[in-house]
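Student: Can you keep this structure in mind? I'll have questions shortly.
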Amino acid sequence: GAYAAANSYLDALARGRRQRGCHTLSLDFVAWRGLGVVADVELVSQELRRMGSRDITPAEAFTAWEYADAYDLAQAVVLPVPTAGGTDG
C-alpha cells in the first residue's frame, strides 16, 4: 500500500522534474540481495526465481544505476532477465 504509493509518487516526481529540464532519474529495482525491506524474505527470492529472475547484488545495482544515468531517461526498471543462452544479463 503505502510503499507502492510512495514509489509511484517518486516516479511521477522524476518525470515532472525531467519535463522542467532537471536531470532526474527514478530507478525501479528488483529486490537487492541482503539489503532493503525484503532482504531476508526467502519468499521474495523464490517468487523471482519462479518468474525467471532473481535478486541483484548491490554491485549490480550500482552498475545498472551508472549505466541508466548515461541515457536521457526519467525512469528505468532494473532486473536481471534470462538471455537466449540461459544466463541472466
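So you can find residues: chains in the C-alpha cells are A, B, ... in the order shown, residues in each start at 1, and ligands are numbered from 1 in order.
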Within 9 Å of A:Arg33, counting only C-alpha atoms, which residues qualify if same-chain residues fewer than 5 places away don't, as a ChimeraX atom specification?

Tutor: /A:38-40,45,55-58

Student: Those residues you just picked out, can you put them in a file as a short mmCIF file (atom, residue, chain, number, x, y, z; two decimals), in the first residue's frame with all heavy atoms?

Tutor:
data_model
loop_
_atom_site.label_atom_id
_atom_site.label_comp_id
_atom_site.auth_asym_id
_atom_site.auth_seq_id
_atom_site.Cartn_x
_atom_site.Cartn_y
_atom_site.Cartn_z
N VAL A 38 12.93 -6.36 2.00
CA VAL A 38 12.71 -7.78 1.76
C VAL A 38 14.02 -8.58 1.73
O VAL A 38 14.07 -9.68 1.21
CB VAL A 38 11.92 -8.02 0.45
CG1 VAL A 38 10.52 -7.44 0.55
CG2 VAL A 38 12.66 -7.46 -0.75
N ALA A 39 15.06 -8.03 2.32
CA ALA A 39 16.39 -8.63 2.24
C ALA A 39 16.43 -10.06 2.75
O ALA A 39 17.11 -10.91 2.19
CB ALA A 39 17.40 -7.78 3.01
N ASP A 40 15.70 -10.35 3.79
CA ASP A 40 15.76 -11.69 4.39
C ASP A 40 14.47 -12.47 4.19
O ASP A 40 14.20 -13.42 4.92
CB ASP A 40 16.06 -11.55 5.88
CG ASP A 40 17.41 -10.90 6.13
OD1 ASP A 40 18.36 -11.23 5.39
OD2 ASP A 40 17.51 -10.07 7.04
N SER A 45 12.69 -14.17 -2.99
CA SER A 45 13.67 -14.81 -3.88
C SER A 45 13.03 -15.97 -4.64
O SER A 45 13.29 -16.16 -5.83
CB SER A 45 14.87 -15.30 -3.08
OG SER A 45 15.58 -14.21 -2.54
N ASP A 55 17.12 -11.84 -7.31
CA ASP A 55 17.52 -10.58 -6.69
C ASP A 55 18.88 -10.17 -7.23
O ASP A 55 19.55 -10.95 -7.90
CB ASP A 55 17.52 -10.69 -5.16
CG ASP A 55 18.34 -11.86 -4.64
OD1 ASP A 55 18.98 -12.58 -5.44
OD2 ASP A 55 18.35 -12.06 -3.42
N ILE A 56 19.27 -8.92 -7.00
CA ILE A 56 20.55 -8.43 -7.51
C ILE A 56 21.44 -8.03 -6.34
O ILE A 56 20.98 -7.70 -5.26
CB ILE A 56 20.37 -7.24 -8.47
CG1 ILE A 56 19.64 -6.07 -7.80
CG2 ILE A 56 19.66 -7.68 -9.74
CD1 ILE A 56 19.53 -4.83 -8.66
N THR A 57 22.73 -8.08 -6.60
CA THR A 57 23.70 -7.65 -5.59
C THR A 57 23.79 -6.13 -5.59
O THR A 57 23.47 -5.49 -6.61
CB THR A 57 25.09 -8.24 -5.87
OG1 THR A 57 25.59 -7.67 -7.09
CG2 THR A 57 25.06 -9.76 -5.98
N PRO A 58 24.26 -5.54 -4.50
CA PRO A 58 24.46 -4.09 -4.52
C PRO A 58 25.40 -3.65 -5.65
O PRO A 58 25.15 -2.61 -6.28
CB PRO A 58 25.06 -3.81 -3.14
CG PRO A 58 24.47 -4.89 -2.27
CD PRO A 58 24.44 -6.11 -3.16
#

Student: Can you list, as number ranges by chain, all residues belonging to chain A that DSSP tags as helix (DSSP H, G or I)?

Tutor: A: 2-19, 42-50, 58-69

Student: Just give me the gap between atom CA of A:Glu42 and atom CA of A:Ser26 in Å, one decimal is fine.

Tutor: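 Interatomic distance, atom CA of A:Glu42 to atom CA of A:Ser26: 26.2 Å.
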
Student: Determine, counting only C-alpha atoms, which protein, DNA and RNA residues have an atom within 12 Å of an atom of A:Pro80; residues of the same chain fewer than 4 positions away are not included. Present the result as an MDAnalysis selection string.

Tutor: chainID A and resid 29:32 48:49 51:57 60:61 64 86:89

Student: Between A:Ala12, A:Leu35, A:Ala4, A:Leu27, which one has atoms that come closest to A:Leu73, using only C-alpha atoms?

Tutor: A:Leu27

Student: Compile the contact shell of A:Arg17 as a list in words: residues with an atom at most 12 Å away, counting only C-alpha atoms, same-chain residues fewer than 5 positions apart removed.

Tutor: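 Within the cut-off, the hits are Leu10, Asp11, Ala12, Cys22, His23, Thr24, Leu25, Ser26, Leu73, Ala74 and Gln75 of chain A.
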
Student: In Å, with one decimal, what is the gap from atom CA of A:Arg20 to atom CA of A:Thr63?

Tutor: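 About the pair atom CA of A:Arg20 and atom CA of A:Thr63: they are 26.9 Å apart.
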
Student: So how many Å separate atom CA of A:Tyr71 and atom CA of A:Tyr3, to one decimal?

Tutor: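 One can read the atom CA of A:Tyr71 to atom CA of A:Tyr3 distance as 26.9 Å.
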